[in-house]
file start.txt (compact mmCIF, C-alpha atoms)
# COMPACT_ATOMS: atom_id res chain seq x y z
CA MET A 220 0.00 0.00 0.00
CA ALA A 221 1.46 3.35 -1.03
CA ILE A 222 2.11 5.90 1.71
CA GLU A 223 0.65 9.34 1.03
CA SER A 224 3.26 12.09 1.22
CA THR A 225 2.82 14.93 3.69
CA ASP A 226 3.71 18.55 2.91
CA ALA A 227 6.89 18.05 4.95
CA ASP A 228 7.75 15.00 2.85
CA GLU A 229 7.25 16.93 -0.38
CA LYS A 230 9.60 19.67 0.84
CA HIS A 231 12.16 17.04 1.77
CA PHE A 232 11.82 15.27 -1.59
CA ASP A 233 12.87 18.53 -3.29
CA TRP A 234 15.93 19.09 -1.07
CA SER A 235 18.54 17.38 -3.28
CA ALA A 236 17.08 18.88 -6.45
CA LYS A 237 17.15 22.37 -4.92
CA GLN A 238 20.78 21.93 -3.86
CA GLY A 239 21.55 20.96 -7.44
CA ARG A 240 19.71 23.96 -8.86
CA ILE A 241 21.67 26.33 -6.61
CA LEU A 242 25.00 24.67 -7.40
CA THR A 243 24.45 24.78 -11.17
CA ASP A 244 22.45 28.02 -11.53
CA GLY A 245 19.45 26.02 -12.66
CA GLY A 246 21.50 23.74 -14.90
CA ARG A 247 23.55 26.46 -16.63
CA ALA A 248 26.93 25.58 -15.09
CA LEU A 249 28.04 23.55 -18.10
CA GLU A 250 27.36 26.58 -20.31
CA TYR A 251 29.70 28.63 -18.12
CA TYR A 252 32.47 26.01 -18.03
CA THR A 253 33.42 26.40 -21.69
CA GLU A 254 36.44 27.73 -23.54
CA ALA A 255 34.21 30.25 -25.29
CA ASN A 256 33.17 31.65 -21.90
CA GLY A 257 36.79 31.76 -20.75
CA PHE A 258 36.70 28.69 -18.49
CA PRO A 259 38.09 25.61 -20.23
CA PHE A 260 39.03 22.65 -18.05
CA SER A 261 40.71 19.28 -18.34
CA ALA A 262 39.02 15.96 -17.55
CA GLU A 263 41.54 15.41 -14.72
CA GLU A 264 40.08 18.41 -12.88
CA CYS A 265 36.65 16.81 -12.54
CA PRO A 266 35.85 15.45 -9.06
CA HIS A 267 35.22 11.83 -10.05
CA TYR A 268 37.95 11.45 -12.67
CA HIS A 269 40.27 9.37 -10.48
CA LEU A 270 37.38 7.54 -8.79
CA GLU A 271 36.07 6.37 -12.16
CA ARG A 272 39.49 4.94 -12.98
CA GLY A 273 40.25 3.38 -9.60
CA GLU A 274 43.22 5.73 -9.20
CA THR A 275 42.40 7.59 -6.00
CA ASP A 276 45.46 6.12 -4.29
CA VAL A 277 47.24 9.08 -5.92
CA PHE A 278 45.78 11.16 -3.08
CA LYS A 279 48.49 9.75 -0.79
CA LYS A 280 51.29 11.16 -2.99
CA TRP A 281 49.45 14.46 -3.35
CA SER A 282 49.19 14.65 0.44
CA GLN A 283 52.89 13.94 0.90
CA ASP A 284 53.85 16.53 -1.71
CA PHE A 285 51.65 19.25 -0.21
CA LEU A 286 52.87 18.69 3.35
CA ALA A 287 56.50 18.59 2.15
CA SER A 288 56.02 21.94 0.40
CA GLY A 289 55.45 23.68 3.73
CA ARG A 290 52.50 25.59 2.31
CA LYS A 291 49.55 26.46 4.53
CA HIS A 292 46.03 25.53 3.49
CA PRO A 293 43.84 28.54 4.33
CA ILE A 294 40.65 26.63 5.20
CA VAL A 295 41.97 24.00 7.60
CA GLY A 296 39.25 23.75 10.23
CA ALA A 297 35.73 22.63 11.08
CA TRP A 298 33.06 24.67 9.35
CA LYS A 299 29.31 25.21 9.28
CA ARG A 300 27.47 26.75 6.32
CA PRO A 301 25.02 29.58 7.10
CA LEU A 302 24.31 30.36 3.44
CA PHE A 303 24.32 28.63 0.05
CA ALA A 304 23.03 30.84 -2.75
CA SER A 305 22.75 31.28 -6.50
CA ARG A 306 21.00 34.05 -8.39
CA TRP A 307 17.41 33.02 -7.65
CA GLU A 308 17.45 30.41 -4.89
CA TYR A 309 19.20 29.99 -1.58
CA SER A 310 19.43 27.63 1.36
CA THR A 311 20.57 28.30 4.95
CA ASP A 312 21.48 26.46 8.13
CA VAL A 313 17.78 26.59 8.97
CA ASP A 314 17.29 24.16 6.08
CA GLU A 315 20.25 21.82 6.61
CA THR A 316 22.96 20.94 9.11
CA VAL A 317 26.43 21.03 7.55
CA PHE A 318 29.76 19.87 8.97
CA ASN A 319 32.69 20.45 6.62
CA ILE A 320 36.01 19.29 8.09
CA GLN A 321 39.08 20.15 6.07
CA THR A 322 42.66 19.18 6.89
CA SER A 323 45.62 20.27 4.77
CA THR A 324 44.98 17.19 2.65
CA LEU A 325 41.77 15.17 3.08
CA PHE A 326 38.26 16.42 3.79
CA VAL A 327 34.81 15.06 4.62
CA ASP A 328 31.77 17.26 3.95
CA LEU A 329 28.43 16.25 5.56
CA ARG A 330 25.07 17.86 4.67
CA VAL A 331 21.86 16.68 6.32
CA PRO A 332 18.50 18.38 5.62
CA ARG A 333 16.53 19.34 8.72
CA SER A 334 13.39 18.05 6.99
CA LYS A 335 14.75 14.51 7.32
CA PRO A 336 12.52 12.49 9.72
CA VAL A 337 15.41 11.88 12.12
CA ASN A 338 13.34 11.13 15.23
CA ARG A 339 11.48 8.31 13.51
CA TRP A 340 14.68 6.63 12.34
CA GLU A 341 16.91 7.54 15.27
CA ASN A 342 15.25 5.12 17.67
CA MET A 343 14.13 2.39 15.33
CA GLY A 344 15.25 -1.08 16.25
CA GLU A 345 17.26 0.24 19.19
CA HIS A 346 17.49 -3.20 20.78
CA PHE A 347 19.13 -4.85 17.77
CA VAL A 348 21.09 -2.09 16.02
CA ARG A 349 24.36 -3.30 17.55
CA ASN A 350 24.49 -6.48 15.51
CA ARG A 351 22.91 -5.21 12.32
CA SER A 352 24.70 -3.98 9.22
CA SER A 353 23.71 -0.86 7.28
CA SER A 354 21.85 -2.91 4.67
CA GLN A 355 19.93 -4.84 7.33
CA MET A 356 18.79 -1.63 9.00
CA LEU A 357 17.79 -0.14 5.65
CA GLU A 358 15.74 -3.22 4.84
CA SER A 359 13.41 -2.31 7.70
CA LEU A 360 12.55 1.03 6.03
CA SER A 361 9.49 1.31 3.80
CA ASP A 362 9.82 2.18 0.10
CA HIS A 363 8.62 5.69 0.94
CA ASP A 364 11.23 6.08 3.66
CA LEU A 365 14.02 4.80 1.41
CA ARG A 366 13.24 7.61 -1.01
CA LEU A 367 13.21 10.14 1.83
CA TYR A 368 16.48 8.72 3.15
CA ALA A 369 18.18 9.23 -0.24
CA ARG A 370 17.80 13.01 0.12
CA GLN A 371 21.00 13.92 2.01
CA HIS A 372 24.66 14.23 1.09
CA ILE A 373 28.16 13.36 2.24
CA PHE A 374 31.40 13.18 0.28
CA GLY A 375 35.12 13.04 0.94
CA GLY A 376 38.47 13.16 -0.80
CA PHE A 377 41.44 15.46 -1.41
CA SER A 378 41.42 19.26 -1.67
CA SER A 379 44.05 20.57 -4.10
CA LEU A 380 45.21 24.14 -3.46
CA SER A 381 46.48 26.51 -6.14
CA LYS A 382 46.40 30.23 -6.88
CA GLN A 383 45.01 32.24 -9.76
CA ASN A 384 44.57 35.98 -10.16
CA ASP A 385 46.41 36.23 -6.81
CA ARG A 386 43.49 34.44 -5.14
CA PRO A 387 43.58 31.01 -3.43
CA LEU A 388 41.79 28.41 -5.54
CA CYS A 389 40.60 25.00 -4.34
CA THR A 390 39.78 21.98 -6.51
CA ARG A 391 38.22 19.01 -4.76
CA HIS A 392 38.72 15.42 -5.92
CA HIS A 393 36.27 12.87 -4.49
CA CYS A 394 37.01 9.25 -3.61
CA ILE A 395 33.67 8.63 -1.84
CA ASP A 396 30.50 10.50 -2.80
CA TRP A 397 26.85 9.91 -1.88
CA ASN A 398 25.63 11.45 -5.15
CA TYR A 399 28.01 9.54 -7.42
CA ILE A 400 27.00 6.44 -9.37
CA SER A 401 29.42 4.53 -11.58
CA GLY A 402 29.53 5.73 -15.17
CA LYS A 403 27.87 9.08 -14.36
CA PRO A 404 30.66 11.33 -13.07
CA ARG A 405 30.12 15.03 -12.49
CA PRO A 406 30.94 16.70 -15.83
CA ARG A 407 32.62 19.85 -14.48
CA PRO A 408 35.18 20.64 -11.76
CA ASN A 409 34.39 21.17 -8.08
CA LYS A 410 36.54 24.28 -8.18
CA TRP A 411 36.19 27.57 -6.35
CA TYR A 412 37.95 30.66 -5.04
CA ILE A 413 38.47 31.20 -1.30
CA GLU A 414 37.83 34.68 0.11
CA GLY A 415 38.68 34.86 3.81
CA ASN A 416 37.41 37.35 6.37
CA HIS A 417 40.28 37.99 8.79
CA THR A 418 38.93 39.28 12.10
CA GLN A 419 42.31 39.23 13.87
CA ASN A 420 45.71 39.74 12.28
CA ASP A 421 47.35 36.96 14.28
CA LYS A 422 44.80 34.26 13.48
CA SER A 423 43.39 32.50 10.48
CA PHE A 424 40.00 33.74 9.37
CA ASP A 425 36.77 32.87 11.18
CA SER A 426 34.62 32.92 8.06
CA TRP A 427 35.12 32.70 4.32
CA ILE A 428 33.18 32.63 1.09
CA GLU A 429 33.42 29.98 -1.59
CA TRP A 430 32.97 31.66 -4.96
CA SER A 431 32.43 29.57 -8.08
CA TYR A 432 35.49 29.55 -10.33
CA ALA A 433 33.54 29.92 -13.55
CA THR A 434 31.29 32.94 -13.88
CA ASP A 435 28.00 33.61 -15.61
CA TYR A 436 27.45 35.82 -18.65
CA TYR A 437 27.62 38.89 -16.40
CA ALA A 438 31.09 37.88 -15.13
CA GLN A 439 29.71 37.07 -11.69
CA SER A 440 30.13 33.87 -9.70
CA TYR A 441 26.99 31.87 -10.34
CA TYR A 442 26.88 30.44 -6.80
CA HIS A 443 28.54 31.09 -3.47
CA GLU A 444 28.69 29.47 -0.05
CA ARG A 445 29.40 31.27 3.21
CA TRP A 446 31.33 29.25 5.79
CA GLU A 447 31.82 29.98 9.50
CA ARG A 448 34.28 28.35 11.86
CA LEU A 449 32.86 26.01 14.50
CA PRO A 450 33.88 26.54 18.14
CA GLY A 451 36.50 24.05 19.25
CA ASP A 452 38.49 23.62 16.03
CA GLU A 453 41.44 25.62 17.48
CA HIS A 454 41.62 27.66 14.28
CA GLY A 455 43.22 24.67 12.61
CA ALA A 456 46.38 25.21 14.66
CA GLY A 457 45.85 22.35 17.12
CA LEU A 458 45.06 18.72 16.39
CA ARG A 459 44.99 17.75 12.72
CA LEU A 460 44.44 14.17 11.66
CA ALA A 461 43.61 12.59 8.30
CA MET A 462 43.36 8.81 7.87
CA ARG A 463 42.18 6.69 4.99
CA LYS A 464 41.15 3.07 5.03
CA ARG A 465 43.87 1.01 3.41
CA ILE A 466 42.72 0.05 -0.07
CA ILE A 467 43.27 -3.62 -0.80
CA ARG A 468 41.23 -3.57 -4.00
CA THR A 469 40.42 -0.54 -6.11
CA ASP A 470 37.14 -2.03 -7.34
CA CYS A 471 34.58 0.44 -5.99
CA SER A 472 32.01 -2.37 -5.73
CA SER A 473 34.03 -4.25 -3.13
CA PRO A 474 32.44 -4.16 0.35
CA HIS A 475 33.36 -0.97 2.19
CA SER A 476 36.37 -0.51 -0.11
CA ASP A 477 37.16 2.96 1.14
CA GLY A 478 36.85 5.20 4.16
CA ILE A 479 38.13 8.49 5.56
CA ILE A 480 38.42 9.89 9.08
CA VAL A 481 39.41 13.54 9.51
CA ALA A 482 39.75 15.54 12.72
CA VAL A 483 40.57 19.18 13.41
CA GLY A 484 40.61 20.40 17.00
CA ASP A 485 37.70 18.75 18.81
CA HIS A 486 35.70 17.89 15.68
CA PHE A 487 35.80 14.75 13.54
CA ASN A 488 33.98 13.55 10.43
CA TYR A 489 34.01 10.07 8.95
CA ILE A 490 32.75 8.48 5.75
CA ILE A 491 32.57 4.81 4.73
CA GLY A 492 31.98 3.70 1.13
CA ARG A 493 28.91 1.84 -0.01
CA ASN A 494 28.60 -1.94 -0.01
CA LEU A 495 27.25 -3.03 -3.37
CA ALA A 496 26.65 -6.57 -2.17
CA GLY A 497 25.21 -9.08 -4.62
CA SER A 498 23.84 -8.11 -8.01
CA VAL A 499 22.55 -4.60 -8.61
CA GLN A 500 20.51 -3.39 -11.56
CA ARG A 501 21.64 -0.50 -13.71
CA TYR A 502 19.33 2.40 -14.44
CA PRO A 503 20.91 4.19 -17.43
CA ASN A 504 18.57 7.18 -17.22
CA ALA A 505 19.64 7.93 -13.63
CA SER A 506 22.42 10.51 -13.37
CA ASN A 507 22.80 10.50 -9.59
CA LEU A 508 21.97 8.53 -6.45
CA VAL A 509 18.55 10.10 -5.86
CA GLU A 510 17.37 9.36 -9.41
CA LEU A 511 18.70 5.81 -9.16
CA VAL A 512 16.90 5.10 -5.87
CA ASP A 513 13.64 6.58 -7.17
CA SER A 514 13.89 4.45 -10.32
CA ALA A 515 14.73 1.30 -8.37
CA ILE A 516 11.82 1.78 -5.97
CA ALA A 517 9.46 2.45 -8.89
CA ASN A 518 10.60 -0.89 -10.33
CA ARG A 519 10.17 -2.67 -6.97
CA ASP A 520 13.92 -3.21 -6.89
CA ARG A 521 14.60 -2.60 -3.20
CA SER A 522 17.84 -4.59 -3.32
CA THR A 523 19.55 -2.14 -5.67
CA ALA A 524 18.24 0.91 -3.79
CA ILE A 525 19.44 -0.44 -0.45
CA SER A 526 22.86 -1.42 -1.80
CA TYR A 527 23.48 2.12 -3.02
CA LEU A 528 22.23 3.64 0.25
CA THR A 529 24.76 1.75 2.39
CA LEU A 530 27.32 4.55 2.09
CA HIS A 531 27.38 6.33 5.44
CA GLY A 532 29.23 8.76 7.68
CA GLY A 533 28.82 11.45 10.28
CA HIS A 534 30.23 14.03 12.69
CA GLY A 535 31.14 14.03 16.35
CA THR A 536 33.50 15.44 18.95
CA ILE A 537 36.63 13.90 20.43
CA SER A 538 36.01 15.38 23.90
CA SER A 539 32.81 13.32 24.15
CA GLY A 540 34.83 10.14 23.61
CA TRP A 541 34.45 10.06 19.82
CA ILE A 542 30.65 10.03 20.07
CA VAL A 543 28.72 10.61 16.83
CA ASP A 544 26.13 13.41 17.11
CA CYS A 545 25.06 13.85 13.47
CA ALA A 546 25.01 11.02 10.95
CA ILE A 547 23.69 9.88 7.60
CA GLN A 548 22.30 6.90 9.55
CA PRO A 549 20.37 8.42 12.50
CA TRP A 550 20.54 5.14 14.43
CA LYS A 551 24.28 5.82 14.81
CA HIS A 552 23.65 8.91 16.96
CA GLY A 553 25.15 8.49 20.42
CA LYS A 554 27.45 5.66 19.31
CA ARG A 555 31.26 5.69 19.45
CA LEU A 556 33.06 6.13 16.15
CA ILE A 557 34.70 2.70 16.27
CA SER A 558 31.28 1.00 16.45
CA CYS A 559 30.06 3.01 13.44
CA LEU A 560 32.81 1.87 11.07
CA GLU A 561 31.26 -1.58 10.51
CA THR A 562 34.56 -3.40 10.36
CA ASP A 563 34.75 -6.98 9.16
CA ALA A 564 35.91 -8.14 12.60
CA ASP A 565 33.78 -8.40 15.73
CA SER A 566 36.53 -6.64 17.67
CA MET A 567 36.03 -2.98 18.50
CA SER A 568 39.71 -2.64 19.39
CA VAL A 569 41.96 0.29 18.51
CA LYS A 570 45.67 -0.27 18.02
CA VAL A 571 48.35 2.10 16.78
CA THR A 572 51.97 0.99 16.71
CA GLY A 573 55.23 2.48 15.48
CA SER A 574 58.47 3.73 16.96
CA SER A 575 59.20 6.54 14.53
CA SER A 576 57.91 10.11 14.71
CA ASN A 577 57.10 9.75 11.00
CA PHE A 578 53.33 9.19 10.96
CA ARG A 579 53.50 7.51 7.54
CA THR A 580 55.17 4.51 9.19
CA TRP A 581 52.53 4.04 11.89
CA GLU A 582 50.29 0.98 11.77
CA VAL A 583 46.69 1.85 12.62
CA VAL A 584 44.09 -0.90 13.07
CA LEU A 585 40.49 -0.03 13.90
CA GLY A 586 38.48 -3.16 14.52
CA GLY A 587 39.71 -5.47 11.78
CA ASP A 588 40.70 -2.81 9.25
CA ALA A 589 44.06 -1.14 8.60
CA TRP A 590 44.18 2.60 8.04
CA ASP A 591 46.90 4.81 6.52
CA VAL A 592 47.74 8.12 8.16
CA TYR A 593 47.83 10.88 5.54
CA GLU A 594 48.37 13.75 7.97
CA SER A 595 48.95 14.13 11.71
CA SER A 596 50.02 16.88 14.08
CA LEU A 597 50.83 14.26 16.75
CA SER A 598 54.42 13.35 17.50
CA SER A 599 54.12 9.61 18.15
CA ALA A 600 52.06 6.51 17.49
CA GLN A 601 51.45 6.26 21.23
CA GLU A 602 49.83 9.71 21.23
CA LEU A 603 47.50 8.70 18.42
CA ASN A 604 46.70 5.41 20.14
CA SER A 605 45.72 7.24 23.33
CA LEU A 606 43.69 9.80 21.39
CA LEU A 607 41.69 7.19 19.46
CA GLN A 608 40.97 5.27 22.67
CA LYS A 609 39.74 8.37 24.49
CA THR A 610 36.42 7.73 26.23
CA GLU A 611 34.13 9.98 28.22
CA HIS A 612 30.89 8.84 29.74
CA VAL A 613 28.77 11.81 28.74
CA LYS A 614 25.40 12.02 27.03
CA VAL A 615 25.61 13.65 23.61
CA ASP A 616 22.48 15.11 22.03
CA SER A 617 21.85 14.91 18.33
CA ARG A 618 22.85 18.02 16.37
CA LEU A 619 19.78 17.64 14.16
call {"tool": "encode", "arguments": {"input": "start.txt", "output": "structure tokens"}}
result
Amino acid sequence: MAIESTDADEKHFDWSAKQGRILTDGGRALEYYTEANGFPFSAEECPHYHLERGETDVFKKWSQDFLASGRKHPIVGAWKRPLFASRWEYSTDVDETVFNIQTSTLFVDLRVPRSKPVNRWENMGEHFVRNRSSSQMLESLSDHDLRLYARQHIFGGFSSLSKQNDRPLCTRHHCIDWNYISGKPRPRPNKWYIEGNHTQNDKSFDSWIEWSYATDYYAQSYYHERWERLPGDEHGAGLRLAMRKRIIRTDCSSPHSDGIIVAVGDHFNYIIGRNLAGSVQRYPNASNLVELVDSAIANRDRSTAISYLTLHGGHGTISSGWIVDCAIQPWKHGKRLISCLETDADSMSVKVTGSSSNFRTWEVVLGGDAWDVYESSLSSAQELNSLLQKTEHVKVDSRL
């Protein structure tokens, strides 16, 4: 029996589409990213270029090169987004909760609409969540709820820093992306200028604006995002940590083949790749995750929809004992990070070993999975081991 949508549901169903309209100026972005308009680009600049080719291990070398250069990345920190606007539409932090954590190398960007029925999903199956995988939890959602659940976003990867017209320029390359489906990469760069607002001369800026690199026919950025620093990120000058799940196979369909954990100051974000278990159907007319899930549900193909929705991640604070307070999967709220990673082993152990101060030589094992350290402000493996095992018995409320 079909569930009748409420007005709140209809608003939520439009969330992803509205984000897309703002980001592309109603679909005109490809017109702006042309040589004739003054903004040619190479295929390698597009966010999914390396993901499509199974070559995202290059991010490790890029990270090493950037750190060795001694350059400072201007947006290292934990950020919220008060405003996202194009010419005719806009969205604010009243509409969605955003946690964007950027190290000098890797990033994870989480965006959860406030129209998402979090309370209904947060407490579902509380007595058996512990032993259930993402796909098993999703199987308990109705078709209607699976479509609602698809309307959110999280992505992670490497942020490449350059300069043009004497302005800092960032190009993001994604290795995990909620919106991405194989064979349908984003056809233009995720590339933008950084304009910082320095409130004190001796500190990095507290807010900044992301201006689209390409401009419209009036020579104006066709979208912009305003970012504000979150309390507790130490202005990016304290703890910095970037780890990536060690890739054994580059086949993006392998179970949980990728993952990123980033932390700046007291804030952390994590993202774990989707588990395309078993056979999944292809929907050639779908250009993104939302369209694919809608098509699959319309064809009574819950298996494909659920497989694609297994990608997950979230945000939390280290001072709480690595407790997650905002997540793609609401049933993860209040859980420790290690229990949210869905490792192949039953063990929830954390182990970091290494005698050198060189973090690239440290061996990090979370549960049953090995992780590579891409960036760390810590001086020893023992420090990282103690940090990851930090626990505090405090109640953490959901940020949603």
call {"tool": "atom_distance", "arguments": {"input": "start.txt", "atom1": "atom CA of Phe487 of chain A", "atom2": "atom CA of His534 of chain A"}}
result
5.7 Å
call {"tool": "residues_around", "arguments": {"input": "start.txt", "residues": "Gly246 of chain A", "least_positions_apart": "5", "cutoff": "12 Å", "atoms": "all atoms listed in the file", "output": "MDAnalysis selection string"}}
result
chainID A and resid 236:241 251:252 305 406:407 435 441:442
call {"tool": "closest_residue", "arguments": {"input": "start.txt", "among": "A:Gly484, A:Gly273, A:Gly375, A:Gly573", "to": "His393 of chain A", "atoms": "all atoms listed in the file"}}
result
A:Gly375
call {"tool": "closest_residue", "arguments": {"input": "start.txt", "among": "A:Asn319, A:Ser359, A:Thr243, A:Ser282", "to": "Arg521 of chain A", "atoms": "all atoms listed in the file"}}
result
A:Ser359
call {"tool": "atom_distance", "arguments": {"input": "start.txt", "atom1": "atom CA of Gln439 of chain A", "atom2": "atom CA of Lys410 of chain A"}}
result
14.9 Å
call {"tool": "residues_around", "arguments": {"input": "start.txt", "residues": "Lys279 of chain A", "least_positions_apart": "2", "cutoff": "12 Å", "atoms": "all atoms listed in the file", "output": "NGL selection string"}}
result
:A and (274-277 or 281-286 or 324-325 or 376-378 or 394 or 461-466 or 579 or 591-594)
call {"tool": "closest_residue", "arguments": {"input": "start.txt", "among": "A:Arg519, A:Ser401, A:Ala297, A:Asn416", "to": "Gly451 of chain A", "atoms": "all atoms listed in the file"}}
result
A:Ala297
call {"tool": "closest_residue", "arguments": {"input": "start.txt", "among": "A:Val337, A:Leu511, A:Ile294, A:Leu606", "to": "Arg366 of chain A", "atoms": "all atoms listed in the file"}}
result
A:Leu511
call {"tool": "residues_near_point", "arguments": {"input": "start.txt", "point": "(35.2, 18.1, -22.9)", "cutoff": "9 Å", "atoms": "only C-alpha atoms", "output": "NGL selection string"}}
result
:A and (253 or 259-262 or 406-407)
call {"tool": "atom_distance", "arguments": {"input": "start.txt", "atom1": "atom CA of Arg391 of chain A", "atom2": "atom CA of Asn409 of chain A"}}
result
5.5 Å
call {"tool": "closest_residue", "arguments": {"input": "start.txt", "among": "A:Val583, A:Leu270, A:Ala369, A:Ile320", "to": "His531 of chain A", "atoms": "all atoms listed in the file"}}
result
A:Ala369
call {"tool": "closest_residue", "arguments": {"input": "start.txt", "among": "A:Leu367, A:Ala515, A:Val569, A:Leu585", "to": "Lys230 of chain A", "atoms": "all atoms listed in the file"}}
result
A:Leu367
call {"tool": "residues_around", "arguments": {"input": "start.txt", "residues": "Glu444 of chain A", "least_positions_apart": "6", "cutoff": "6 Å", "atoms": "only C-alpha atoms", "output": "list in words"}}
result
Leu302, Phe303, Ile428 and Glu429 of chain A
call {"tool": "write_last_selection", "arguments": {"input": "start.txt", "atoms": "C-alpha atoms", "output": "tab-separated table (two decimals), keeping the file's coordinate frame"}}
result
chain	number	residue	atom	x	y	z
A	302	LEU	CA	24.31	30.36	3.44
A	303	PHE	CA	24.32	28.63	0.05
A	428	ILE	CA	33.18	32.63	1.09
A	429	GLU	CA	33.42	29.98	-1.59
call {"tool": "axis_aligned_box", "arguments": {"input": "start.txt", "around": "segment 326-332 of chain A", "padding_each_side": "3 Å", "output": "JSON"}}
result
{"center_x": 28.4, "center_y": 16.7, "center_z": 5.1, "size_x": 25.8, "size_y": 9.3, "size_z": 8.5}
call {"tool": "residues_around", "arguments": {"input": "start.txt", "residues": "Val543 of chain A", "least_positions_apart": "3", "cutoff": "10 Å", "atoms": "all atoms listed in the file", "output": "list in words"}}
result
Phe487, Asn488, Tyr489, Gly532, Gly533, His534, Gly535, Thr536, Ile537, Ser539, Gly540, Ala546, Pro549, Lys551, His552, Gly553, Lys554, Arg555, Leu556, Ile557, Ser558, Cys559, Val615, Asp616, Ser617 and Arg618 of chain A
call {"tool": "decode", "arguments": {"input": "start.txt", "residues": "segment 221-275 of chain A", "atoms": "C-alpha atoms", "output": "short mmCIF file (atom, residue, chain, number, x, y, z; two decimals), in the first residue's frame"}}
result
data_model
loop_
_atom_site.label_atom_id
_atom_site.label_comp_id
_atom_site.auth_asym_id
_atom_site.auth_seq_id
_atom_site.Cartn_x
_atom_site.Cartn_y
_atom_site.Cartn_z
CA ALA A 221 1.46 3.35 -1.03
CA ILE A 222 2.11 5.90 1.71
CA GLU A 223 0.65 9.34 1.03
CA SER A 224 3.26 12.09 1.22
CA THR A 225 2.82 14.93 3.69
CA ASP A 226 3.71 18.55 2.91
CA ALA A 227 6.89 18.05 4.95
CA ASP A 228 7.75 15.00 2.85
CA GLU A 229 7.25 16.93 -0.38
CA LYS A 230 9.60 19.67 0.84
CA HIS A 231 12.16 17.04 1.77
CA PHE A 232 11.82 15.27 -1.59
CA ASP A 233 12.87 18.53 -3.29
CA TRP A 234 15.93 19.09 -1.07
CA SER A 235 18.54 17.38 -3.28
CA ALA A 236 17.08 18.88 -6.45
CA LYS A 237 17.15 22.37 -4.92
CA GLN A 238 20.78 21.93 -3.86
CA GLY A 239 21.55 20.96 -7.44
CA ARG A 240 19.71 23.96 -8.86
CA ILE A 241 21.67 26.33 -6.61
CA LEU A 242 25.00 24.67 -7.40
CA THR A 243 24.45 24.78 -11.17
CA ASP A 244 22.45 28.02 -11.53
CA GLY A 245 19.45 26.02 -12.66
CA GLY A 246 21.50 23.74 -14.90
CA ARG A 247 23.55 26.46 -16.63
CA ALA A 248 26.93 25.58 -15.09
CA LEU A 249 28.04 23.55 -18.10
CA GLU A 250 27.36 26.58 -20.31
CA TYR A 251 29.70 28.63 -18.12
CA TYR A 252 32.47 26.01 -18.03
CA THR A 253 33.42 26.40 -21.69
CA GLU A 254 36.44 27.73 -23.54
CA ALA A 255 34.21 30.25 -25.29
CA ASN A 256 33.17 31.65 -21.90
CA GLY A 257 36.79 31.76 -20.75
CA PHE A 258 36.70 28.69 -18.49
CA PRO A 259 38.09 25.61 -20.23
CA PHE A 260 39.03 22.65 -18.05
CA SER A 261 40.71 19.28 -18.34
CA ALA A 262 39.02 15.96 -17.55
CA GLU A 263 41.54 15.41 -14.72
CA GLU A 264 40.08 18.41 -12.88
CA CYS A 265 36.65 16.81 -12.54
CA PRO A 266 35.85 15.45 -9.06
CA HIS A 267 35.22 11.83 -10.05
CA TYR A 268 37.95 11.45 -12.67
CA HIS A 269 40.27 9.37 -10.48
CA LEU A 270 37.38 7.54 -8.79
CA GLU A 271 36.07 6.37 -12.16
CA ARG A 272 39.49 4.94 -12.98
CA GLY A 273 40.25 3.38 -9.60
CA GLU A 274 43.22 5.73 -9.20
CA THR A 275 42.40 7.59 -6.00
#
